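Enquirer: Next comes the structure file input-v8.tsv, holding TSV, C-alpha atoms (C1' of nucleotides).
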chain	number	residue	atom	x	y	z
A	1	MET	CA	-14.30	41.32	21.44
A	2	ALA	CA	-17.33	39.13	21.26
A	3	LYS	CA	-17.87	36.29	23.61
A	4	ALA	CA	-17.33	32.77	22.40
A	5	HIS	CA	-21.00	31.92	22.24
A	6	PRO	CA	-23.15	34.92	21.79
A	7	SER	CA	-25.88	35.25	24.34
A	8	LEU	CA	-27.01	37.77	26.88
A	9	ASP	CA	-28.04	37.02	30.42
A	10	PRO	CA	-31.39	38.38	31.56
A	11	THR	CA	-29.77	41.27	33.38
A	12	GLU	CA	-27.95	42.40	30.27
A	13	LEU	CA	-31.05	42.00	28.20
A	14	GLY	CA	-33.02	44.08	30.65
A	15	ALA	CA	-30.44	46.83	30.70
A	16	TYR	CA	-30.29	46.90	26.91
A	17	PHE	CA	-34.03	47.04	26.45
A	18	ALA	CA	-34.43	49.68	29.11
A	19	LEU	CA	-31.73	51.80	27.54
A	20	ILE	CA	-33.27	51.61	24.10
A	21	GLU	CA	-36.77	52.25	25.32
A	22	VAL	CA	-35.85	55.15	27.58
A	23	SER	CA	-33.73	56.87	24.98
A	24	SER	CA	-36.39	56.42	22.32
A	25	LEU	CA	-39.15	57.82	24.44
A	26	LEU	CA	-37.01	60.65	25.70
A	27	ARG	CA	-35.80	61.54	22.27
A	28	HIS	CA	-39.32	61.54	20.97
A	29	SER	CA	-40.63	63.89	23.63
A	30	VAL	CA	-37.66	66.17	23.41
A	31	GLU	CA	-37.90	66.44	19.65
A	32	GLN	CA	-41.52	67.36	19.93
A	33	GLN	CA	-40.78	70.08	22.44
A	34	LEU	CA	-37.93	71.50	20.38
A	35	ARG	CA	-40.03	71.56	17.27
A	36	GLU	CA	-42.86	73.35	18.99
A	37	ALA	CA	-40.80	75.79	20.99
A	38	GLY	CA	-38.19	76.71	18.41
A	39	ASP	CA	-38.87	74.80	15.21
A	40	LEU	CA	-35.63	72.90	15.70
A	41	SER	CA	-34.76	69.32	14.96
A	42	TYR	CA	-32.77	67.59	17.64
A	43	VAL	CA	-29.63	67.73	15.55
A	44	GLN	CA	-30.07	71.43	14.98
A	45	PHE	CA	-30.50	71.91	18.69
A	46	GLN	CA	-27.36	69.93	19.39
A	47	LEU	CA	-25.39	72.03	16.97
A	48	LEU	CA	-26.62	75.29	18.41
A	49	ALA	CA	-26.08	74.11	21.97
A	50	ARG	CA	-22.58	73.02	21.17
A	51	LEU	CA	-21.76	76.33	19.57
A	52	GLY	CA	-23.37	78.19	22.41
A	53	ASP	CA	-21.26	76.31	24.92
A	54	SER	CA	-18.06	77.07	23.09
A	55	PRO	CA	-16.13	80.02	24.51
A	56	ALA	CA	-15.60	81.45	21.06
A	57	GLY	CA	-19.09	80.52	19.95
A	58	SER	CA	-17.66	78.76	16.95
A	59	HIS	CA	-16.37	75.42	15.73
A	60	ARG	CA	-15.13	73.84	12.59
A	61	MET	CA	-17.56	71.73	10.60
A	62	THR	CA	-15.53	68.60	11.15
A	63	ASP	CA	-15.51	69.06	14.91
A	64	LEU	CA	-19.26	69.49	14.88
A	65	ALA	CA	-19.77	66.40	12.76
A	66	ASP	CA	-17.59	64.44	15.12
A	67	GLY	CA	-19.50	65.53	18.16
A	68	VAL	CA	-22.91	64.87	16.77
A	69	VAL	CA	-22.27	61.53	15.08
A	70	TYR	CA	-23.11	62.60	11.62
A	71	SER	CA	-22.06	62.31	8.06
A	72	ARG	CA	-20.50	65.49	6.82
A	73	SER	CA	-23.07	65.91	4.11
A	74	GLY	CA	-25.80	65.58	6.70
A	75	LEU	CA	-24.14	68.25	8.74
A	76	THR	CA	-23.88	70.53	5.72
A	77	TYR	CA	-27.58	70.08	5.14
A	78	GLN	CA	-28.47	71.02	8.71
A	79	ALA	CA	-26.01	73.91	8.73
A	80	GLN	CA	-27.62	75.28	5.60
A	81	LEU	CA	-30.98	75.28	7.27
A	82	LEU	CA	-29.62	77.03	10.33
A	83	GLU	CA	-27.76	79.58	8.24
A	84	GLN	CA	-30.85	80.35	6.17
A	85	ARG	CA	-32.64	81.16	9.37
A	86	GLY	CA	-29.78	83.37	10.50
A	87	LEU	CA	-29.01	81.24	13.54
A	88	ILE	CA	-25.42	80.54	12.52
A	89	THR	CA	-22.86	81.95	10.12
A	90	ARG	CA	-20.27	80.08	8.11
A	91	THR	CA	-16.98	81.66	7.14
A	92	PRO	CA	-13.73	80.26	5.80
A	93	SER	CA	-11.26	79.59	8.54
A	94	PRO	CA	-8.33	82.06	8.60
A	95	ASN	CA	-5.64	79.50	9.37
A	96	ASP	CA	-6.80	76.78	7.06
A	97	GLU	CA	-8.71	77.86	4.02
A	98	ARG	CA	-10.19	74.43	3.63
A	99	SER	CA	-12.01	74.67	6.92
A	100	THR	CA	-15.27	76.38	7.60
A	101	SER	CA	-15.73	78.14	10.89
A	102	VAL	CA	-19.30	77.96	12.14
A	103	SER	CA	-20.47	80.60	14.59
A	104	ILE	CA	-23.69	81.05	16.47
A	105	THR	CA	-25.43	84.37	16.01
A	106	GLU	CA	-27.38	86.43	18.49
A	107	ALA	CA	-30.54	85.12	16.91
A	108	GLY	CA	-29.21	81.64	17.44
A	109	ARG	CA	-28.62	82.33	21.10
A	110	ASP	CA	-32.09	83.75	21.36
A	111	VAL	CA	-33.58	80.56	20.02
A	112	LEU	CA	-31.59	78.55	22.53
A	113	THR	CA	-32.80	80.77	25.31
A	114	ARG	CA	-36.35	80.37	24.16
A	115	VAL	CA	-36.08	76.63	23.93
A	116	PHE	CA	-34.12	75.74	27.04
A	117	PRO	CA	-36.78	76.04	29.74
A	118	GLY	CA	-39.15	73.65	28.04
A	119	HIS	CA	-36.31	71.33	27.22
A	120	ILE	CA	-35.24	71.15	30.82
A	121	ALA	CA	-38.83	70.74	31.90
A	122	VAL	CA	-39.19	67.68	29.72
A	123	LEU	CA	-36.01	66.20	31.10
A	124	ASN	CA	-37.13	66.78	34.66
A	125	GLU	CA	-40.55	65.37	33.99
A	126	LEU	CA	-39.50	62.29	32.13
A	127	LEU	CA	-35.99	61.49	33.24
A	128	PHE	CA	-35.08	62.97	36.58
A	129	GLU	CA	-38.36	62.91	38.41
A	130	SER	CA	-38.13	59.22	39.14
A	131	LEU	CA	-34.44	59.25	40.07
A	132	SER	CA	-32.58	60.09	43.23
A	133	PRO	CA	-29.44	62.24	43.07
A	134	ALA	CA	-27.44	59.10	43.67
A	135	ASP	CA	-29.18	57.43	40.74
A	136	VAL	CA	-28.35	60.34	38.49
A	137	SER	CA	-24.78	60.33	39.61
A	138	MET	CA	-24.37	56.62	38.98
A	139	LEU	CA	-26.08	56.86	35.66
A	140	GLY	CA	-23.76	59.58	34.51
A	141	ASP	CA	-20.77	57.69	35.77
A	142	VAL	CA	-21.63	54.39	34.17
A	143	LEU	CA	-22.84	55.80	30.88
A	144	GLY	CA	-19.90	58.15	30.79
A	145	ARG	CA	-17.62	55.19	30.97
A	146	VAL	CA	-19.50	53.47	28.17
A	147	ARG	CA	-19.31	56.57	26.05
A	148	ASP	CA	-15.56	56.87	26.52
A	149	HIS	CA	-15.18	53.25	25.57
A	150	MET	CA	-17.32	53.70	22.48
A	151	ARG	CA	-15.44	56.80	21.44
A	152	SER	CA	-12.13	55.00	21.77
A	153	THR	CA	-13.28	52.04	19.73
A	154	PRO	CA	-12.78	52.55	16.02
A	155	PRO	CA	-15.91	51.75	14.06
A	156	ARG	CA	-15.56	48.40	12.40
A	157	SER	CA	-16.70	49.39	8.96
A	158	ALA	CA	-15.85	52.16	6.61
A	159	ALA	CA	-15.20	55.32	8.50
A	160	PRO	CA	-12.25	56.94	6.79
A	161	ARG	CA	-12.46	60.10	8.80
A	162	ARG	CA	-10.20	60.50	11.76
A	163	ARG	CA	-11.11	62.26	14.92
A	164	LYS	CA	-8.92	65.04	16.06
A	165	THR	CA	-8.22	66.09	19.58
A	166	GLU	CA	-9.88	69.32	20.42
B	1	MET	CA	-29.72	85.27	29.51
B	2	ALA	CA	-32.63	84.09	31.55
B	3	LYS	CA	-31.59	82.51	34.78
B	4	ALA	CA	-34.85	82.44	36.68
B	5	HIS	CA	-35.70	79.22	34.89
B	6	PRO	CA	-35.32	75.71	36.18
B	7	SER	CA	-31.90	74.48	35.25
B	8	LEU	CA	-29.92	71.29	35.52
B	9	ASP	CA	-27.01	70.75	37.81
B	10	PRO	CA	-23.77	69.47	36.25
B	11	THR	CA	-24.46	65.92	37.34
B	12	GLU	CA	-27.81	65.87	35.64
B	13	LEU	CA	-26.37	67.44	32.56
B	14	GLY	CA	-23.64	64.84	32.44
B	15	ALA	CA	-26.10	61.98	32.81
B	16	TYR	CA	-28.32	63.40	30.11
B	17	PHE	CA	-25.51	63.94	27.63
B	18	ALA	CA	-24.04	60.53	28.30
B	19	LEU	CA	-27.41	58.88	27.80
B	20	ILE	CA	-28.02	60.61	24.52
B	21	GLU	CA	-24.55	59.98	23.22
B	22	VAL	CA	-24.43	56.34	24.23
B	23	SER	CA	-27.82	55.55	22.81
B	24	SER	CA	-27.05	57.35	19.58
B	25	LEU	CA	-23.76	55.60	19.03
B	26	LEU	CA	-25.20	52.25	20.01
B	27	ARG	CA	-28.21	52.65	17.81
B	28	HIS	CA	-26.03	53.66	14.92
B	29	SER	CA	-23.79	50.63	15.18
B	30	VAL	CA	-26.65	48.25	15.74
B	31	GLU	CA	-28.55	49.55	12.75
B	32	GLN	CA	-25.54	49.09	10.59
B	33	GLN	CA	-25.10	45.53	11.75
B	34	LEU	CA	-28.75	44.67	11.24
B	35	ARG	CA	-28.74	46.15	7.78
B	36	GLU	CA	-25.67	44.24	6.76
B	37	ALA	CA	-26.57	40.94	8.34
B	38	GLY	CA	-30.24	40.78	7.49
B	39	ASP	CA	-31.24	43.90	5.60
B	40	LEU	CA	-33.40	44.96	8.50
B	41	SER	CA	-34.11	48.38	9.89
B	42	TYR	CA	-34.05	48.60	13.64
B	43	VAL	CA	-37.81	48.88	13.80
B	44	GLN	CA	-38.21	45.82	11.64
B	45	PHE	CA	-35.87	43.95	13.91
B	46	GLN	CA	-37.82	45.04	16.95
B	47	LEU	CA	-41.04	43.84	15.41
B	48	LEU	CA	-39.62	40.47	14.44
B	49	ALA	CA	-37.95	40.05	17.82
B	50	ARG	CA	-41.15	40.85	19.61
B	51	LEU	CA	-43.09	38.39	17.53
B	52	GLY	CA	-40.42	35.79	17.96
B	53	ASP	CA	-40.55	36.17	21.70
B	54	SER	CA	-44.28	35.76	21.80
B	55	PRO	CA	-45.43	32.24	22.69
B	56	ALA	CA	-47.95	32.27	19.88
B	57	GLY	CA	-45.58	34.07	17.54
B	58	SER	CA	-48.22	36.66	16.87
B	59	HIS	CA	-49.57	39.98	18.04
B	60	ARG	CA	-52.16	42.51	17.10
B	61	MET	CA	-50.98	45.55	15.20
B	62	THR	CA	-51.98	47.86	18.02
B	63	ASP	CA	-49.94	45.91	20.55
B	64	LEU	CA	-46.95	46.10	18.30
B	65	ALA	CA	-47.33	49.82	17.74
B	66	ASP	CA	-47.64	50.27	21.46
B	67	GLY	CA	-44.42	48.45	22.15
B	68	VAL	CA	-42.34	50.12	19.52
B	69	VAL	CA	-43.43	53.72	19.97
B	70	TYR	CA	-44.81	54.24	16.55
B	71	SER	CA	-47.60	55.80	14.66
B	72	ARG	CA	-49.99	53.24	13.28
B	73	SER	CA	-49.32	54.23	9.71
B	74	GLY	CA	-45.62	53.85	10.29
B	75	LEU	CA	-46.21	50.40	11.62
B	76	THR	CA	-48.35	49.50	8.63
B	77	TYR	CA	-45.53	50.62	6.38
B	78	GLN	CA	-42.96	48.48	8.12
B	79	ALA	CA	-45.32	45.53	8.31
B	80	GLN	CA	-45.90	45.76	4.58
B	81	LEU	CA	-42.19	45.57	3.96
B	82	LEU	CA	-41.83	42.57	6.22
B	83	GLU	CA	-44.82	40.86	4.66
B	84	GLN	CA	-43.52	41.41	1.15
B	85	ARG	CA	-40.37	39.64	2.16
B	86	GLY	CA	-42.36	36.81	3.64
B	87	LEU	CA	-41.07	37.38	7.15
B	88	ILE	CA	-44.50	37.91	8.67
B	89	THR	CA	-48.12	37.27	7.73
B	90	ARG	CA	-51.14	39.39	8.46
B	91	THR	CA	-54.57	37.90	8.91
B	92	PRO	CA	-57.83	39.25	10.33
B	93	SER	CA	-58.27	38.41	13.96
B	94	PRO	CA	-60.97	35.76	14.58
B	95	ASN	CA	-62.48	37.40	17.64
B	96	ASP	CA	-62.50	40.96	16.42
B	97	GLU	CA	-62.71	41.44	12.69
B	98	ARG	CA	-61.26	44.92	13.02
B	99	SER	CA	-57.98	43.63	14.34
B	100	THR	CA	-55.10	42.26	12.37
B	101	SER	CA	-53.11	39.40	13.76
B	102	VAL	CA	-49.46	39.55	12.80
B	103	SER	CA	-47.44	36.34	12.86
B	104	ILE	CA	-43.80	35.63	12.28
B	105	THR	CA	-43.02	33.05	9.61
B	106	GLU	CA	-40.30	30.47	9.48
B	107	ALA	CA	-38.41	32.75	7.15
B	108	GLY	CA	-38.78	35.49	9.70
B	109	ARG	CA	-37.32	33.30	12.40
B	110	ASP	CA	-34.49	32.39	10.11
B	111	VAL	CA	-33.62	36.02	9.64
B	112	LEU	CA	-33.65	36.55	13.37
B	113	THR	CA	-31.35	33.60	13.83
B	114	ARG	CA	-29.03	34.91	11.20
B	115	VAL	CA	-28.94	38.36	12.74
B	116	PHE	CA	-28.75	37.63	16.45
B	117	PRO	CA	-25.10	36.65	16.86
B	118	GLY	CA	-23.79	39.81	15.29
B	119	HIS	CA	-26.29	41.87	17.17
B	120	ILE	CA	-25.19	40.49	20.48
B	121	ALA	CA	-21.58	40.86	19.49
B	122	VAL	CA	-22.10	44.57	18.91
B	123	LEU	CA	-23.77	44.94	22.27
B	124	ASN	CA	-20.95	43.14	24.02
B	125	GLU	CA	-18.35	45.12	22.19
B	126	LEU	CA	-19.84	48.53	22.67
B	127	LEU	CA	-21.99	48.37	25.74
B	128	PHE	CA	-21.10	45.57	28.10
B	129	GLU	CA	-17.38	45.31	27.69
B	130	SER	CA	-16.69	48.35	29.81
B	131	LEU	CA	-19.22	47.49	32.50
B	132	SER	CA	-19.11	45.24	35.52
B	133	PRO	CA	-22.05	42.97	36.30
B	134	ALA	CA	-22.97	45.38	39.06
B	135	ASP	CA	-22.96	48.24	36.59
B	136	VAL	CA	-25.22	46.36	34.26
B	137	SER	CA	-27.56	45.49	37.07
B	138	MET	CA	-27.70	49.07	38.27
B	139	LEU	CA	-28.22	50.36	34.78
B	140	GLY	CA	-31.14	48.05	34.18
B	141	ASP	CA	-32.63	48.91	37.53
B	142	VAL	CA	-32.40	52.66	37.19
B	143	LEU	CA	-33.42	52.81	33.55
B	144	GLY	CA	-36.18	50.33	34.18
B	145	ARG	CA	-37.58	52.69	36.75
B	146	VAL	CA	-37.36	55.57	34.34
B	147	ARG	CA	-39.09	53.56	31.67
B	148	ASP	CA	-41.95	52.64	33.96
B	149	HIS	CA	-42.34	56.25	34.89
B	150	MET	CA	-42.35	57.32	31.27
B	151	ARG	CA	-44.84	54.67	30.34
B	152	SER	CA	-47.16	55.74	33.10
B	153	THR	CA	-47.34	59.30	31.84
B	154	PRO	CA	-49.71	60.09	28.98
B	155	PRO	CA	-48.32	59.04	25.61
B	156	ARG	CA	-47.33	61.46	22.92
B	157	SER	CA	-50.77	61.41	21.36
B	158	ALA	CA	-51.67	65.01	20.80
B	159	ALA	CA	-51.53	67.29	23.81
B	160	PRO	CA	-48.65	69.71	23.55
B	161	ARG	CA	-46.37	69.41	26.48
B	162	ARG	CA	-47.02	71.83	29.23
B	163	ARG	CA	-45.23	72.52	32.39
B	164	LYS	CA	-48.21	73.41	34.49
B	165	THR	CA	-51.11	71.30	35.49
B	166	GLU	CA	-53.91	71.67	33.10
C	1	DT	C1'	-2.02	62.88	-2.13
C	2	DA	C1'	-4.80	63.83	1.78
C	3	DT	C1'	-8.14	66.68	3.94
C	4	DT	C1'	-12.26	69.89	4.30
C	5	DG	C1'	-16.49	70.78	2.85
C	6	DT	C1'	-20.34	71.03	-0.67
C	7	DT	C1'	-23.46	69.22	-4.10
C	8	DA	C1'	-26.33	65.96	-6.52
C	9	DT	C1'	-29.08	62.36	-5.89
C	10	DA	C1'	-31.72	58.72	-4.31
C	11	DC	C1'	-33.76	56.61	-0.74
C	12	DT	C1'	-35.85	55.51	3.90
C	13	DC	C1'	-38.60	56.72	7.30
C	14	DT	C1'	-42.29	59.15	9.72
C	15	DA	C1'	-46.50	61.67	10.57
C	16	DT	C1'	-51.10	63.63	9.40
C	17	DA	C1'	-55.43	63.22	7.51
C	18	DA	C1'	-58.82	60.94	5.02
C	19	DC	C1'	-60.79	56.61	4.39
C	20	DT	C1'	-62.95	51.70	5.14
C	21	DA	C1'	-64.69	48.27	8.06
C	22	DT	C1'	-66.13	46.49	12.11
C	23	DA	C1'	-67.83	46.92	17.14
D	1	DT	C1'	-69.75	56.75	17.91
D	2	DA	C1'	-65.52	54.61	18.79
D	3	DT	C1'	-61.91	51.53	17.45
D	4	DA	C1'	-58.47	48.94	14.21
D	5	DG	C1'	-56.10	49.40	10.43
D	6	DT	C1'	-54.86	51.13	5.66
D	7	DT	C1'	-53.88	54.51	2.13
D	8	DA	C1'	-52.40	58.78	0.14
D	9	DT	C1'	-49.34	62.09	0.51
D	10	DA	C1'	-45.87	65.01	1.67
D	11	DG	C1'	-41.87	66.33	3.90
D	12	DA	C1'	-37.74	65.74	6.66
D	13	DG	C1'	-33.58	63.52	7.26
D	14	DT	C1'	-29.68	60.56	5.84
D	15	DA	C1'	-25.95	58.50	3.36
D	16	DT	C1'	-23.01	57.80	-0.74
D	17	DA	C1'	-20.34	59.34	-4.32
D	18	DA	C1'	-18.58	62.77	-7.19
D	19	DC	C1'	-16.67	67.17	-6.99
D	20	DA	C1'	-13.75	71.47	-6.01
D	21	DA	C1'	-10.43	73.75	-3.32
D	22	DT	C1'	-6.69	73.89	-0.21
D	23	DA	C1'	-2.75	71.77	2.43
Step by step, read the file and then write its structure as structure tokens.
Expert:
Amino acid sequence: MAKAHPSLDPTELGAYFALIEVSSLLRHSVEQQLREAGDLSYVQFQLLARLGDSPAGSHRMTDLADGVVYSRSGLTYQAQLLEQRGLITRTPSPNDERSTSVSITEAGRDVLTRVFPGHIAVLNELLFESLSPADVSMLGDVLGRVRDHMRSTPPRSAAPRRRKTE
Amino acid sequence: MAKAHPSLDPTELGAYFALIEVSSLLRHSVEQQLREAGDLSYVQFQLLARLGDSPAGSHRMTDLADGVVYSRSGLTYQAQLLEQRGLITRTPSPNDERSTSVSITEAGRDVLTRVFPGHIAVLNELLFESLSPADVSMLGDVLGRVRDHMRSTPPRSAAPRRRKTE
DNA sequence: TATTGTTATACTCTATAACTATA
DNA sequence: TATAGTTATAGAGTATAACAATA
């Protein structure tokens, strides 16, 4: 809920600005690296990484859209691009014919492998270099809590899709 | 898979993922609010807010581009939109005829005033509600340090990112 | 009827390069 | 020559709504 009179104290303002600025700069650098190293947009990278992390190497479209904060049509668009490049495959799900099962291919894994080192290098350079292990730990803890809170808060405006438990 | 590469420990990975996810979700909600409340993109809001914060209510284009992490042409585009709506004015700088001085108008301040409450409400709802004052303080401190570090490294002008010293 | 996903479409945003003008 | 800014352009990405197919 919102406070009675909306205002932020300087500490909150500072945290907000820092968060926005850091994430913008980081995102920008990372996107550049991904584009150069593997001709991937950040969303495409996220999709591949998520599939690569999955034990089965596959997910349903809806699960992917949920994880990446996307409209389903946007996800379809990105999936088409990845499929055209042979980095993923899409097949109807056996259990539920409505669903599409998305799987990462060997070529997809290769691209991930090619892209990871530079990706990590950017993160180390920009994000972790100026932080102590304790800083990193706290950051993950605090932001993790925020994320859980955000995920549990239903979006205020039209979002007719429900999230399913994995 | 290659394993001789620098990798991230689970803590770092968690912090990174949380940062990306939180900033994405926050950005998404904030953009929606700004669009609904004042028909502003986030960049336009940033520009107006920056001008509104300035004592003189004006800045040079270059300073604005610097602050918002933008290409100059992108800034020109956004400034045109804001000027068409009468929210800012652009005039040649007196001292240096090459420069353009951008000023916020009364209408621009009105839009900011109209948009702020909802903006802050979203921040409170999504970001601050799940955090203690100490968390907020720590977040601002740590991310502030990261930002300073990022800012002190060469901007994303041209040079492709390399791991090794040049 | 509700859900999953695709398509059609229209639009916003962003970056690069060429350009003008001032310093 | 270098800097400040604009323009022209072109492409990528996104969301909305209509649609088809399955549950």
Enquirer: Have a look at C1' of DT16 in chain C and CA of Phe45 in chain B and let me know their distance in Å, one decimal.
Expert: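 Between these atoms lies a distance of 25.3 Å.
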Enquirer: Tell me which protein, DNA and RNA residues are within 10 Å of DT14 in chain C, counting only C-alpha atoms (C1' of nucleotides), leaving out same-chain ones fewer than 5 positions away, and put them as a PyMOL selection string.
Expert: (chain B and resi 70-71+73-75+77) or (chain D and resi 11-12)
Enquirer: Hey, what's within 7 Å of range 100-111 of chain B if we count all atoms listed in the file and toss same-chain stuff fewer than 3 positions away? As a list in words, please?
Expert: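 Selected residues are Gly38, Leu48, Leu51, Gly52, Gly57, Ser58, His59, Arg60, Met61, Gly86, Leu87, Ile88, Thr89, Arg90, Thr91, Pro92, Ser93, Arg114 and Val115 of chain B.
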Enquirer: For a quick test of understanding: name the residues of chain C lying within 9 Å of chain B when counting only C-alpha atoms (C1' of nucleotides), and present them as a ChimeraX atom specification.
Expert: /C:13-15,21-23
Enquirer: May I ask you to extract the residues of chain B within 7 Å of chain A, using only C-alpha atoms, and to give them as a JSON list (two decimals) with C-alpha atoms, keeping the file's coordinate frame?
Expert:
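Listed below is the output, part26.json:
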[["chain", "number", "residue", "atom", "x", "y", "z"],
["B", 1, "MET", "CA", -29.72, 85.27, 29.51],
["B", 5, "HIS", "CA", -35.70, 79.22, 34.89],
["B", 6, "PRO", "CA", -35.32, 75.71, 36.18],
["B", 7, "SER", "CA", -31.90, 74.48, 35.25],
["B", 11, "THR", "CA", -24.46, 65.92, 37.34],
["B", 12, "GLU", "CA", -27.81, 65.87, 35.64],
["B", 14, "GLY", "CA", -23.64, 64.84, 32.44],
["B", 15, "ALA", "CA", -26.10, 61.98, 32.81],
["B", 18, "ALA", "CA", -24.04, 60.53, 28.30],
["B", 19, "LEU", "CA", -27.41, 58.88, 27.80],
["B", 20, "ILE", "CA", -28.02, 60.61, 24.52],
["B", 21, "GLU", "CA", -24.55, 59.98, 23.22],
["B", 22, "VAL", "CA", -24.43, 56.34, 24.23],
["B", 23, "SER", "CA", -27.82, 55.55, 22.81],
["B", 117, "PRO", "CA", -25.10, 36.65, 16.86],
["B", 120, "ILE", "CA", -25.19, 40.49, 20.48],
["B", 121, "ALA", "CA", -21.58, 40.86, 19.49],
["B", 124, "ASN", "CA", -20.95, 43.14, 24.02],
["B", 125, "GLU", "CA", -18.35, 45.12, 22.19],
["B", 126, "LEU", "CA", -19.84, 48.53, 22.67],
["B", 127, "LEU", "CA", -21.99, 48.37, 25.74],
["B", 130, "SER", "CA", -16.69, 48.35, 29.81],
["B", 135, "ASP", "CA", -22.96, 48.24, 36.59],
["B", 136, "VAL", "CA", -25.22, 46.36, 34.26],
["B", 137, "SER", "CA", -27.56, 45.49, 37.07],
["B", 139, "LEU", "CA", -28.22, 50.36, 34.78],
["B", 140, "GLY", "CA", -31.14, 48.05, 34.18],
["B", 142, "VAL", "CA", -32.40, 52.66, 37.19],
["B", 143, "LEU", "CA", -33.42, 52.81, 33.55],
["B", 144, "GLY", "CA", -36.18, 50.33, 34.18],
["B", 145, "ARG", "CA", -37.58, 52.69, 36.75],
["B", 146, "VAL", "CA", -37.36, 55.57, 34.34],
["B", 147, "ARG", "CA", -39.09, 53.56, 31.67],
["B", 149, "HIS", "CA", -42.34, 56.25, 34.89],
["B", 150, "MET", "CA", -42.35, 57.32, 31.27],
["B", 161, "ARG", "CA", -46.37, 69.41, 26.48],
["B", 163, "ARG", "CA", -45.23, 72.52, 32.39]]
Enquirer: What's around DA8 in chain D at 10 Å? Count only C-alpha atoms (C1' of nucleotides), leave out sequence neighbours fewer than 3 positions away in its own chain, and write the answer as a ChimeraX atom specification.
Expert: /C:17-19
Enquirer: Please report the interatomic distance between C1' of DA23 in chain D and C1' of DG5 in chain C in Å with one decimal.
Expert: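 We find that C1' of DA23 in chain D and C1' of DG5 in chain C lie 13.8 Å from each other.
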Enquirer: Any chance you could model all heavy atoms for range 132-136 of chain B and send them as a tab-separated table (two decimals), in the frame of the given file?
Expert:
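This is the output file result.tsv:
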chain	number	residue	atom	x	y	z
B	132	SER	N	-19.10	46.39	34.62
B	132	SER	CA	-19.11	45.24	35.52
B	132	SER	C	-20.55	44.72	35.62
B	132	SER	O	-21.50	45.44	35.29
B	132	SER	CB	-18.62	45.66	36.91
B	132	SER	OG	-19.60	46.48	37.52
B	133	PRO	N	-20.70	43.49	36.08
B	133	PRO	CA	-22.05	42.97	36.30
B	133	PRO	C	-22.88	43.87	37.20
B	133	PRO	O	-24.08	44.05	36.96
B	133	PRO	CB	-21.79	41.61	36.97
B	133	PRO	CG	-20.46	41.19	36.46
B	133	PRO	CD	-19.66	42.46	36.29
B	134	ALA	N	-22.23	44.46	38.18
B	134	ALA	CA	-22.97	45.38	39.06
B	134	ALA	C	-23.43	46.62	38.30
B	134	ALA	O	-24.55	47.11	38.51
B	134	ALA	CB	-22.08	45.78	40.24
B	135	ASP	N	-22.57	47.10	37.41
B	135	ASP	CA	-22.96	48.24	36.59
B	135	ASP	C	-24.18	47.91	35.75
B	135	ASP	O	-25.12	48.70	35.66
B	135	ASP	CB	-21.80	48.63	35.66
B	135	ASP	CG	-20.62	49.24	36.41
B	135	ASP	OD1	-20.86	49.82	37.49
B	135	ASP	OD2	-19.49	49.13	35.92
B	136	VAL	N	-24.12	46.77	35.13
B	136	VAL	CA	-25.22	46.36	34.26
B	136	VAL	C	-26.51	46.25	35.06
B	136	VAL	O	-27.57	46.71	34.63
B	136	VAL	CB	-24.91	45.01	33.58
B	136	VAL	CG1	-26.10	44.54	32.76
B	136	VAL	CG2	-23.68	45.15	32.68
